[in-house]
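Q: Just my_file03.cif, nothing more (mmCIF, C-alpha atoms (C1' of nucleotides)):
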data_work
loop_
_atom_site.label_atom_id
_atom_site.label_comp_id
_atom_site.auth_asym_id
_atom_site.auth_seq_id
_atom_site.Cartn_x
_atom_site.Cartn_y
_atom_site.Cartn_z
CA MET O 1 109.39 61.86 120.86
CA PRO O 2 107.08 62.93 123.72
CA PRO O 3 103.79 64.25 122.50
CA PRO O 4 103.39 67.98 123.10
CA SER O 5 102.28 68.22 126.69
CA ALA O 6 99.88 71.11 126.66
CA GLU O 7 97.98 70.86 123.45
CA SER O 8 95.17 73.35 123.46
CA GLY O 9 92.05 72.18 121.77
CA ALA O 10 92.46 74.74 119.03
CA PRO O 11 95.38 74.23 116.71
CA ALA O 12 98.18 76.59 117.62
CA ARG O 13 98.72 79.28 115.04
CA GLY O 14 102.34 78.45 114.34
CA ALA O 15 102.70 74.65 114.33
CA SER O 16 99.36 73.00 114.54
CA ARG O 17 99.45 69.50 113.21
CA LYS O 18 102.18 67.00 112.80
CA PRO O 19 103.08 67.14 109.11
CA ARG O 20 101.76 64.17 107.24
CA ALA O 21 104.17 61.31 107.04
CA ASP O 22 103.61 60.64 103.36
CA ALA O 23 104.13 64.29 102.55
CA GLU O 24 107.50 64.34 104.21
CA ARG O 25 108.45 61.06 102.62
CA ASN O 26 107.50 62.35 99.19
CA ARG O 27 109.37 65.55 99.67
CA ALA O 28 112.49 63.62 100.51
CA ARG O 29 112.01 61.31 97.55
CA VAL O 30 111.62 64.20 95.16
CA LEU O 31 114.67 65.95 96.50
CA ALA O 32 116.76 62.80 96.29
CA ALA O 33 115.62 62.07 92.76
CA ALA O 34 116.25 65.64 91.69
CA ARG O 35 119.65 65.62 93.18
CA GLU O 36 120.62 62.42 91.47
CA LEU O 37 119.23 63.37 88.09
CA PHE O 38 120.62 66.87 88.00
CA THR O 39 124.00 65.68 89.09
CA ALA O 40 124.06 63.06 86.38
CA ARG O 41 122.33 64.66 83.43
CA GLY O 42 122.55 68.34 84.18
CA ASP O 43 120.15 70.97 83.04
CA GLU O 44 118.45 68.84 80.43
CA VAL O 45 116.45 67.05 83.10
CA GLN O 46 112.75 67.91 82.96
CA MET O 47 110.18 68.10 85.68
CA PRO O 48 108.27 65.00 84.51
CA ASP O 49 111.56 63.09 84.70
CA VAL O 50 112.00 64.09 88.31
CA ALA O 51 108.42 63.18 89.14
CA ARG O 52 108.74 59.79 87.47
CA ALA O 53 112.07 59.04 89.11
CA ALA O 54 110.63 59.97 92.49
CA GLY O 55 107.55 57.86 91.88
CA VAL O 56 105.11 60.73 92.36
CA GLY O 57 102.96 62.96 90.18
CA ILE O 58 104.07 66.29 88.81
CA GLY O 59 101.65 68.06 91.07
CA THR O 60 103.40 66.64 94.08
CA VAL O 61 106.74 67.93 92.93
CA TYR O 62 105.25 71.39 92.64
CA ARG O 63 103.58 71.22 95.99
CA HIS O 64 106.92 70.79 97.69
CA PHE O 65 108.97 73.04 95.46
CA PRO O 66 107.28 76.04 93.91
CA SER O 67 109.36 76.01 90.76
CA ARG O 68 112.05 74.20 88.87
CA THR O 69 114.52 76.79 90.03
CA ALA O 70 113.56 76.28 93.65
CA LEU O 71 113.98 72.54 93.30
CA ILE O 72 117.43 72.91 91.82
CA ALA O 73 118.37 75.38 94.50
CA ALA O 74 117.28 72.98 97.22
CA ALA O 75 119.28 70.16 95.70
CA GLY O 76 122.26 72.44 95.33
CA GLU O 77 122.03 73.44 98.94
CA GLN O 78 122.50 69.84 100.01
CA ARG O 79 125.59 69.72 97.91
CA HIS O 80 126.83 72.89 99.56
CA ALA O 81 126.14 71.42 102.96
CA GLU O 82 128.37 68.47 102.17
CA ILE O 83 131.19 70.82 101.41
CA VAL O 84 130.69 72.71 104.63
CA GLU O 85 130.69 69.53 106.63
CA PHE O 86 133.89 68.41 104.98
CA ALA O 87 135.49 71.73 105.80
CA ARG O 88 134.57 71.33 109.44
CA ALA O 89 135.78 67.78 109.69
CA GLU O 90 138.87 67.74 107.53
CA CYS O 91 140.10 71.27 107.08
CA LEU O 92 139.60 73.03 110.38
CA THR O 93 141.36 70.17 112.13
CA ARG O 94 144.65 70.40 110.29
CA SER O 95 147.54 71.95 112.15
CA ASP O 96 148.79 73.71 109.03
CA ALA O 97 146.10 76.31 108.45
CA ALA O 98 147.17 77.25 104.95
CA GLU O 99 146.92 73.62 103.97
CA GLY O 100 143.48 73.45 105.50
CA LEU O 101 142.33 76.44 103.51
CA ALA O 102 143.73 74.99 100.31
CA ALA O 103 142.07 71.66 101.05
CA TYR O 104 138.75 73.42 101.48
CA LEU O 105 138.93 75.11 98.11
CA HIS O 106 140.22 71.95 96.55
CA ARG O 107 137.29 70.01 97.86
CA ILE O 108 134.87 72.45 96.33
CA GLY O 109 136.58 71.82 93.03
CA GLU O 110 136.35 68.08 93.36
CA VAL O 111 132.70 68.11 94.28
CA LEU O 112 131.75 70.42 91.44
CA ALA O 113 133.90 68.61 88.93
CA ALA O 114 132.03 65.39 89.64
CA ASP O 115 128.76 67.14 88.98
CA ARG O 116 126.95 68.13 85.85
CA GLY O 117 123.99 70.15 86.97
CA LEU O 118 124.20 71.30 90.56
CA SER O 119 127.19 73.54 89.99
CA ALA O 120 125.09 76.50 89.00
CA PRO O 121 123.21 76.84 92.29
CA VAL O 122 126.34 76.23 94.30
CA GLU O 123 128.05 78.89 92.25
CA ALA O 124 125.16 81.20 92.99
CA ALA O 125 125.44 80.37 96.67
CA PHE O 126 129.06 81.42 96.76
CA GLY O 127 128.17 84.33 94.58
CA SER O 128 125.46 85.89 96.70
CA THR O 129 126.95 88.35 99.12
CA GLU O 130 124.61 87.38 101.85
CA PRO O 131 121.72 85.86 103.63
CA THR O 132 119.63 83.14 102.02
CA GLY O 133 119.76 80.00 104.07
CA GLU O 134 121.33 78.45 107.10
CA VAL O 135 123.79 76.41 105.05
CA GLN O 136 125.21 79.50 103.47
CA ALA O 137 125.61 81.24 106.79
CA GLU O 138 127.31 78.18 108.17
CA GLY O 139 129.62 78.04 105.18
CA LEU O 140 130.56 81.66 105.66
CA ARG O 141 131.34 80.98 109.29
CA VAL O 142 133.55 77.98 108.55
CA ALA O 143 135.39 79.79 105.80
CA GLY O 144 135.92 82.68 108.18
CA ASP O 145 137.45 80.36 110.76
CA LEU O 146 139.68 78.76 108.19
CA LEU O 147 140.84 82.15 107.06
CA ALA O 148 141.40 83.48 110.57
CA ARG O 149 143.59 80.51 111.43
CA ALA O 150 145.65 80.98 108.31
CA LYS O 151 146.11 84.64 109.05
CA ALA O 152 147.14 83.88 112.61
CA GLN O 153 149.83 81.59 111.28
CA GLY O 154 150.99 84.35 108.97
CA ALA O 155 150.25 82.23 105.93
CA VAL O 156 147.78 84.66 104.45
CA ARG O 157 147.84 88.43 104.07
CA ALA O 158 145.97 90.28 106.80
CA ASP O 159 143.77 92.24 104.42
CA VAL O 160 142.13 89.18 102.89
CA GLU O 161 138.43 88.80 103.72
CA VAL O 162 135.95 85.96 103.62
CA THR O 163 134.25 87.44 100.59
CA ASP O 164 137.54 87.07 98.78
CA LEU O 165 137.40 83.36 99.41
CA ASN O 166 133.83 83.26 98.20
CA MET O 167 134.78 85.07 95.05
CA ILE O 168 137.55 82.61 94.42
CA ALA O 169 135.10 79.76 94.94
CA CYS O 170 132.54 81.39 92.68
CA GLY O 171 135.13 81.76 89.96
CA LEU O 172 136.20 78.19 90.49
CA ALA O 173 132.66 77.00 89.96
CA ALA O 174 132.39 78.92 86.70
CA ILE O 175 135.68 77.56 85.45
CA ILE O 176 134.61 74.03 86.14
CA ARG O 177 131.15 74.53 84.69
CA THR O 178 132.52 75.88 81.43
CA GLY O 179 135.40 73.44 81.33
CA SER O 180 137.69 76.40 80.99
CA GLY O 181 140.89 74.58 81.83
CA ASP O 182 142.69 72.82 84.64
CA TRP O 183 141.00 74.19 87.74
CA ARG O 184 143.81 72.95 89.96
CA ARG O 185 146.11 75.41 88.27
CA TYR O 186 143.58 78.15 88.91
CA LEU O 187 143.46 77.31 92.57
CA ARG O 188 147.22 77.25 92.80
CA ILE O 189 147.34 80.77 91.40
CA ALA O 190 144.56 81.99 93.65
CA CYS O 191 146.17 80.54 96.76
CA ALA O 192 149.49 82.05 95.79
CA GLY O 193 147.74 85.39 95.54
CA LEU O 194 146.59 85.08 99.13
CA ARG O 195 150.07 84.80 100.61
CA PRO O 196 151.80 87.78 102.23
CA MET V 1 126.68 63.84 47.47
CA PRO V 2 127.80 67.19 46.03
CA PRO V 3 126.91 68.08 42.48
CA PRO V 4 129.60 67.45 39.84
CA SER V 5 132.46 69.90 40.15
CA ALA V 6 132.17 71.11 36.59
CA GLU V 7 130.54 74.45 37.18
CA SER V 8 128.37 75.51 34.33
CA GLY V 9 127.39 79.12 33.83
CA ALA V 10 126.16 79.01 37.40
CA PRO V 11 127.66 81.53 39.82
CA ALA V 12 131.03 80.69 41.31
CA ARG V 13 130.91 78.54 44.38
CA GLY V 14 132.36 81.05 46.81
CA ALA V 15 130.85 84.45 46.02
CA SER V 16 127.94 84.17 43.71
CA ARG V 17 125.76 87.18 44.10
CA LYS V 18 126.17 90.38 45.92
CA PRO V 19 124.19 89.86 49.12
CA ARG V 20 121.00 91.80 49.13
CA ALA V 21 121.31 95.22 50.65
CA ASP V 22 118.15 94.99 52.71
CA ALA V 23 119.22 91.65 54.12
CA GLU V 24 122.49 93.00 55.36
CA ARG V 25 120.85 96.07 56.75
CA ASN V 26 118.33 94.00 58.64
CA ARG V 27 120.97 91.73 60.01
CA ALA V 28 122.85 94.71 61.37
CA ARG V 29 119.70 96.17 62.86
CA VAL V 30 118.81 92.96 64.60
CA LEU V 31 122.27 92.58 66.01
CA ALA V 32 122.34 96.16 67.24
CA ALA V 33 118.93 95.86 68.83
CA ALA V 34 119.83 92.57 70.46
CA ARG V 35 123.01 93.97 71.82
CA GLU V 36 121.32 96.96 73.30
CA LEU V 37 118.44 95.05 74.81
CA PHE V 38 120.48 92.25 76.29
CA THR V 39 122.96 94.68 77.74
CA ALA V 40 120.19 96.65 79.37
CA ARG V 41 117.61 94.10 80.40
CA GLY V 42 119.57 90.88 80.51
CA ASP V 43 118.19 87.45 79.95
CA GLU V 44 114.56 88.42 80.33
CA VAL V 45 114.53 89.88 76.82
CA GLN V 46 112.38 87.84 74.44
CA MET V 47 112.71 87.27 70.74
CA PRO V 48 109.61 89.31 69.84
CA ASP V 49 111.15 92.20 71.77
CA VAL V 50 114.25 92.04 69.67
CA ALA V 51 112.26 91.84 66.48
CA ARG V 52 110.13 94.80 67.45
CA ALA V 53 113.11 96.88 68.54
CA ALA V 54 114.86 96.09 65.28
CA GLY V 55 111.75 96.94 63.29
CA VAL V 56 111.54 93.56 61.57
CA GLY V 57 109.44 90.42 61.88
CA ILE V 58 110.34 87.45 64.02
CA GLY V 59 111.03 85.39 60.95
CA THR V 60 113.71 87.81 59.91
CA VAL V 61 115.49 87.51 63.20
CA TYR V 62 115.55 83.76 62.79
CA ARG V 63 116.75 83.94 59.21
CA HIS V 64 119.91 85.71 60.32
CA PHE V 65 120.44 83.93 63.61
CA PRO V 66 119.34 80.33 63.89
CA SER V 67 118.47 80.52 67.55
CA ARG V 68 118.23 82.77 70.53
CA THR V 69 121.49 81.37 71.79
CA ALA V 70 123.22 82.13 68.52
CA LEU V 71 121.94 85.68 68.59
CA ILE V 72 123.22 86.25 72.09
CA ALA V 73 126.53 84.70 71.17
CA ALA V 74 126.88 87.00 68.19
CA ALA V 75 126.12 90.04 70.31
CA GLY V 76 128.54 88.85 72.95
CA GLU V 77 131.24 88.37 70.36
CA GLN V 78 131.09 92.05 69.48
CA ARG V 79 131.59 92.85 73.10
CA HIS V 80 134.53 90.50 73.22
CA ALA V 81 135.99 92.15 70.15
CA GLU V 82 135.92 95.51 71.88
CA ILE V 83 137.95 94.09 74.69
CA VAL V 84 140.49 92.61 72.32
CA GLU V 85 140.86 95.88 70.50
CA PHE V 86 141.41 97.72 73.75
CA ALA V 87 144.09 95.24 74.72
CA ARG V 88 145.87 95.84 71.46
CA ALA V 89 145.69 99.58 71.67
CA GLU V 90 146.15 100.29 75.35
CA CYS V 91 147.78 97.31 76.99
CA LEU V 92 150.33 95.98 74.56
CA THR V 93 151.75 99.47 74.18
CA ARG V 94 152.64 100.04 77.82
CA SER V 95 156.26 99.77 78.73
CA ASP V 96 155.47 98.08 82.03
CA ALA V 97 154.19 94.70 80.88
CA ALA V 98 152.71 93.67 84.23
CA GLU V 99 150.72 96.85 84.26
CA GLY V 100 149.50 96.13 80.75
CA LEU V 101 148.36 92.68 81.74
CA ALA V 102 146.54 94.03 84.76
CA ALA V 103 144.93 96.73 82.66
CA TYR V 104 143.67 94.07 80.25
CA LEU V 105 141.98 92.08 82.97
CA HIS V 106 140.68 95.23 84.55
CA ARG V 107 139.10 96.28 81.31
CA ILE V 108 137.29 93.00 81.04
CA GLY V 109 135.88 93.67 84.46
CA GLU V 110 134.73 97.13 83.56
CA VAL V 111 133.04 96.03 80.36
CA LEU V 112 131.22 93.16 82.03
CA ALA V 113 130.21 95.22 85.02
CA ALA V 114 128.44 97.67 82.75
CA ASP V 115 126.51 94.85 81.17
CA ARG V 116 123.56 92.85 82.30
CA GLY V 117 123.05 90.16 79.73
CA LEU V 118 126.08 89.74 77.57
CA SER V 119 128.28 88.54 80.39
CA ALA V 120 127.20 84.95 80.01
CA PRO V 121 128.38 84.54 76.41
CA VAL V 122 131.61 86.37 77.09
CA GLU V 123 132.14 84.13 80.07
CA ALA V 124 131.57 81.15 77.83
CA ALA V 125 134.01 82.56 75.32
CA PHE V 126 136.76 82.75 77.90
CA GLY V 127 135.64 79.43 79.22
CA SER V 128 135.87 77.39 76.06
CA THR V 129 139.26 75.82 75.77
CA GLU V 130 139.31 76.19 72.06
CA PRO V 131 138.60 77.62 68.70
CA THR V 132 135.13 78.92 67.86
CA GLY V 133 135.49 82.19 66.08
CA GLU V 134 138.08 84.60 64.84
CA VAL V 135 137.57 86.99 67.72
CA GLN V 136 138.35 84.34 70.23
CA ALA V 137 141.48 83.28 68.41
CA GLU V 138 142.56 86.89 68.22
CA GLY V 139 141.89 87.34 71.92
CA LEU V 140 144.00 84.33 72.72
CA ARG V 141 146.81 85.72 70.62
CA VAL V 142 146.76 89.13 72.27
CA ALA V 143 146.60 87.64 75.73
CA GLY V 144 149.53 85.44 74.81
CA ASP V 145 151.56 88.46 73.75
CA LEU V 146 150.69 90.32 76.91
CA LEU V 147 151.74 87.36 78.96
CA ALA V 148 154.99 86.79 77.07
CA ARG V 149 156.02 90.38 77.58
CA ALA V 150 155.32 90.17 81.28
CA LYS V 151 157.30 86.99 81.58
CA ALA V 152 160.20 88.52 79.68
CA GLN V 153 160.27 91.34 82.18
CA GLY V 154 160.28 88.82 84.99
CA ALA V 155 157.01 90.16 86.34
CA VAL V 156 155.17 86.87 85.98
CA ARG V 157 156.17 83.33 86.82
CA ALA V 158 157.47 81.36 83.84
CA ASP V 159 155.02 78.48 84.23
CA VAL V 160 151.93 80.60 83.76
CA GLU V 161 150.02 79.88 80.55
CA VAL V 162 147.44 81.73 78.51
CA THR V 163 144.72 79.37 79.66
CA ASP V 164 145.45 80.52 83.17
CA LEU V 165 144.58 84.04 82.12
CA ASN V 166 141.43 82.81 80.48
CA MET V 167 140.44 80.97 83.62
CA ILE V 168 140.97 84.11 85.65
CA ALA V 169 138.83 86.04 83.18
CA CYS V 170 136.16 83.36 83.23
CA GLY V 171 136.06 83.50 87.01
CA LEU V 172 135.92 87.25 86.87
CA ALA V 173 132.89 87.12 84.61
CA ALA V 174 131.09 84.80 87.00
CA ILE V 175 131.89 86.97 89.98
CA ILE V 176 130.52 90.02 88.26
CA ARG V 177 127.46 88.20 86.96
CA THR V 178 126.50 86.95 90.40
CA GLY V 179 127.49 90.17 92.13
CA SER V 180 129.70 88.10 94.36
CA GLY V 181 131.75 90.98 95.75
CA ASP V 182 134.27 93.58 94.76
CA TRP V 183 135.77 92.17 91.60
CA ARG V 184 138.72 94.55 91.80
CA ARG V 185 139.82 92.76 94.93
CA TYR V 186 139.54 89.47 93.12
CA LEU V 187 141.74 90.72 90.32
CA ARG V 188 144.29 92.03 92.78
CA ILE V 189 144.54 88.60 94.33
CA ALA V 190 144.73 86.86 90.97
CA CYS V 191 147.45 89.16 89.71
CA ALA V 192 149.39 88.69 92.91
CA GLY V 193 149.20 84.96 92.33
CA LEU V 194 150.84 85.37 88.97
CA ARG V 195 154.01 86.96 90.31
CA PRO V 196 157.20 84.93 90.78
"C1'" DA D 1 87.79 51.29 115.65
"C1'" DT D 2 85.31 54.94 113.36
"C1'" DT D 3 84.79 59.28 111.36
"C1'" DG D 4 85.38 64.19 109.81
"C1'" DG D 5 87.78 67.00 106.98
"C1'" DA D 6 92.12 69.23 105.92
"C1'" DA D 7 96.23 68.25 103.36
"C1'" DT D 8 98.06 65.66 99.79
"C1'" DC D 9 97.95 63.18 95.42
"C1'" DG D 10 98.09 62.77 90.32
"C1'" DG D 11 97.96 64.15 85.92
"C1'" DA D 12 95.13 66.55 82.45
"C1'" DA D 13 94.74 71.26 80.94
"C1'" DT D 14 96.83 75.75 80.46
"C1'" DC D 15 100.28 79.13 79.50
"C1'" DC D 16 104.34 81.06 77.74
"C1'" DG D 17 107.90 81.72 74.73
"C1'" DA D 18 111.13 79.84 71.25
"C1'" DT D 19 111.12 78.08 66.65
"C1'" DT D 20 109.11 76.70 62.08
"C1'" DC D 21 106.46 77.42 57.89
"C1'" DC D 22 104.78 79.50 53.90
"C1'" DG D 23 102.32 82.88 50.81
"C1'" DG D 24 103.52 87.48 49.35
"C1'" DT D 25 107.23 90.92 48.26
"C1'" DT D 26 111.79 92.82 46.91
"C1'" DC D 27 116.20 93.03 44.91
"C1'" DA D 28 120.35 91.76 41.87
"C1'" DC D 29 121.14 90.66 37.38
"C1'" DC D 30 120.06 89.99 32.56
"C1'" DG T 1 111.31 95.71 32.12
"C1'" DG T 2 111.37 90.81 33.23
"C1'" DT T 3 112.61 86.87 36.21
"C1'" DG T 4 113.67 83.95 39.83
"C1'" DA T 5 116.16 83.46 44.06
"C1'" DA T 6 116.33 85.37 48.51
"C1'" DC T 7 114.04 87.83 51.81
"C1'" DC T 8 110.03 89.45 54.66
"C1'" DG T 9 106.34 89.09 58.22
"C1'" DG T 10 103.72 86.94 61.33
"C1'" DA T 11 100.40 83.13 62.09
"C1'" DA T 12 100.75 78.40 63.53
"C1'" DT T 13 103.31 74.80 65.94
"C1'" DC T 14 105.82 72.71 69.59
"C1'" DG T 15 108.10 71.82 73.93
"C1'" DG T 16 108.12 72.17 78.58
"C1'" DA T 17 107.15 74.54 82.95
"C1'" DT T 18 103.29 75.56 85.93
"C1'" DT T 19 98.36 75.52 87.49
"C1'" DC T 20 93.99 73.45 88.74
"C1'" DC T 21 90.81 70.44 90.76
"C1'" DG T 22 88.30 66.08 91.85
"C1'" DA T 23 89.75 61.81 94.22
"C1'" DT T 24 92.37 59.95 97.91
"C1'" DT T 25 94.93 59.51 102.26
"C1'" DC T 26 96.31 60.44 106.78
"C1'" DC T 27 95.89 62.72 111.50
"C1'" DA T 28 93.40 63.19 115.54
"C1'" DA T 29 89.43 63.45 118.19
"C1'" DT T 30 85.42 60.69 119.34
#
Go ahead and express the file in the form of structure tokens.
A:
Amino acid sequence: MPPPSAESGAPARGASRKPRADAERNRARVLAAARELFTARGDEVQMPDVARAAGVGIGTVYRHFPSRTALIAAAGEQRHAEIVEFARAECLTRSDAAEGLAAYLHRIGEVLAADRGLSAPVEAAFGSTEPTGEVQAEGLRVAGDLLARAKAQGAVRADVEVTDLNMIACGLAAIIRTGSGDWRRYLRIACAGLRP
Amino acid sequence: MPPPSAESGAPARGASRKPRADAERNRARVLAAARELFTARGDEVQMPDVARAAGVGIGTVYRHFPSRTALIAAAGEQRHAEIVEFARAECLTRSDAAEGLAAYLHRIGEVLAADRGLSAPVEAAFGSTEPTGEVQAEGLRVAGDLLARAKAQGAVRADVEVTDLNMIACGLAAIIRTGSGDWRRYLRIACAGLRP
DNA sequence: ATTGGAATCGGAATCCGATTCCGGTTCACC
DNA sequence: GGTGAACCGGAATCGGATTCCGATTCCAAT
């Protein structure tokens, strides 16, 4: 990485100093620990647990994430990002668009089903109608593409919108979280409801 | 180790004494207050608030409901009961069974949408695969009847089960809770997915 | 390589809210 | 009217998230 060519003597207002290496390392450690713990043990995980698992003090956890909620949200966002990446790689590339769409939803189910604590934020992510975060925007975009392809192939009704997919995903998350029943059946019904 | 069965002059095991009038009154007050507050202000309501609104001490709240969670669950159960009653009165009586089924789900949506804090327990109620509580059992029964009628009229696929309805309802609750989008659209899709 | 000082660290102290405890009071029954 | 079990109120306790601050570490300019 070439050092910034024209560094004025005075620190620039926006990005002055290179962030400290240890700070970034710690942030990553905390996030990784949180992700692991919340996935495994769910909501019963406490902040001291995270700090201990990350090998840092509680204060450090709070420096990087202003609250427990924020920490969980950050961990959940990573989880969401995985799903989006999968959709890009495995779903958008299928020739049968309806299959791709189904695979996308199915993947969400699998990821959440293997998880005990990060479902809630992911659910919230699908739930929120809009902005917060690049990952969410990206997810919306990918889902939109998936949907457009399926419509073009006449496999999905023309009046279906991306929000409909998000609602289905949000419901899916809740069903899995509560252990309501066989989520694959739910998805089958939902997908059937999308067809012309 | 239970005391010897031979019951002396002591009160019968089942119903010994008439429950104290003030106790029952207080219980009702607490429940009513809780219901109102949670519906209006959601999860941010605190136990002292409930006690104050009910005009009793905190201890009294805890005598009747062992925990905050239990209190919310009890309040939510009332809400659930309303829904079940509506289903009995307005949905089971329609000649068009599919319409009745749709009306049932729609009603759930309306009730939850007008509520800010009791959605979570109701969601849990639809979520749980099994027994807890007479209301829930009753709800399952009514939903089963609704479904059977629709199947008999050929308006719903034969392989649909009651749990499928519960999953749809559970998803609906989550969608409304998170404000995910237009829940009526969701229901339209779900109902479409039920058809043969 | 040394040094100044801003950012980071760690964890003890604080805060908030649910839950428990217990002396005083009330009610159903005799 | 008397009696004891059940109930009442609310102060005290407890658990866990969040804040605070002196000590430490790292970046960058000398």
Q: Any idea which chain D residues end up within 9 Å of chain O if we count all atoms listed in the file, as JSON, numbers by chain please?
A: {"D": [7, 8, 9, 10, 11]}
Q: With C-alpha atoms (C1' of nucleotides) retained, could you export that selection as an mmCIF file, in the coordinates of the input?
A:
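Final file, again21.cif:
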data_model
loop_
_atom_site.group_PDB
_atom_site.id
_atom_site.type_symbol
_atom_site.label_atom_id
_atom_site.label_comp_id
_atom_site.auth_asym_id
_atom_site.auth_seq_id
_atom_site.Cartn_x
_atom_site.Cartn_y
_atom_site.Cartn_z
ATOM 1 C "C1'" DA D 7 96.230 68.250 103.360
ATOM 2 C "C1'" DT D 8 98.060 65.660 99.790
ATOM 3 C "C1'" DC D 9 97.950 63.180 95.420
ATOM 4 C "C1'" DG D 10 98.090 62.770 90.320
ATOM 5 C "C1'" DG D 11 97.960 64.150 85.920
#
Q: Name the residues that the PyMOL selection byres ((chain O and resi 85) around 12) picks from the file above, as a list in words, using the file's chain letters and numbers.
A: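 This file, filtered by the PyMOL selection byres ((chain O and resi 85) around 12), leaves Gln78, Arg79, His80, Ala81, Glu82, Ile83, Val84, Phe86, Ala87, Arg88, Ala89, Glu90, Cys91, Leu92, Tyr104, Arg107, Ile108, Val135, Gln136, Glu138, Gly139, Arg141, Val142 and Ala143 of chain O.
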Q: Using Å and a single decimal, report how far CA of Ala54 (chain V) sits from C1' of DG24 (chain D).
A: 21.4 Å
Q: Choose the residue, out of V:His64, V:Val111, V:Gly127, V:Leu165, that has the smallest atom-to-atom separation from chain O; count all atoms listed in the file.
A: V:Gly127
Q: Quick check, in Å to one decimal: how far apart do CA of Ala174 (chain V) and CA of Arg116 (chain V) lie?
A: 12.0 Å
Q: Mind listing whatever residues come within 12 Å of the point (94.6, 81.6, 81.3)? Use only C-alpha atoms (C1' of nucleotides), file coordinates, and give them as a PyMOL selection string.
A: (chain D and resi 13-16) or (chain T and resi 18-20)
Q: What is the CA of Thr132 (chain O)-CA of Ala70 (chain O) distance in Å, reported with one decimal?
A: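 That distance, rounded to one decimal, is 12.4 Å.
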Q: Please identify all residues of chain V having at least one atom at most 7 Å from any atom of chain O, considering all atoms listed in the file, and return them as a list in words.
A: Ala124, Gly127, Ser128, Thr129, Thr163, Asp164, Met167, Cys170, Gly171, Leu172, Ala174, Ile175, Thr178, Gly179, Ser180, Gly181, Tyr186, Ile189, Ala190, Cys191, Ala192, Gly193 and Leu194 of chain V
Q: Select all residues from chain O having any atom no more than 8 Å from an atom of chain T (counting all atoms listed in the file, ignoring ligands), output as number ranges by chain.
A: O: 17-18, 20-21, 46-47, 67-68
Q: So these two share a sequence; what Cα RMSD do you get laying chain V over chain O, all Cα, in order, least squares?
A: 4.2 Å
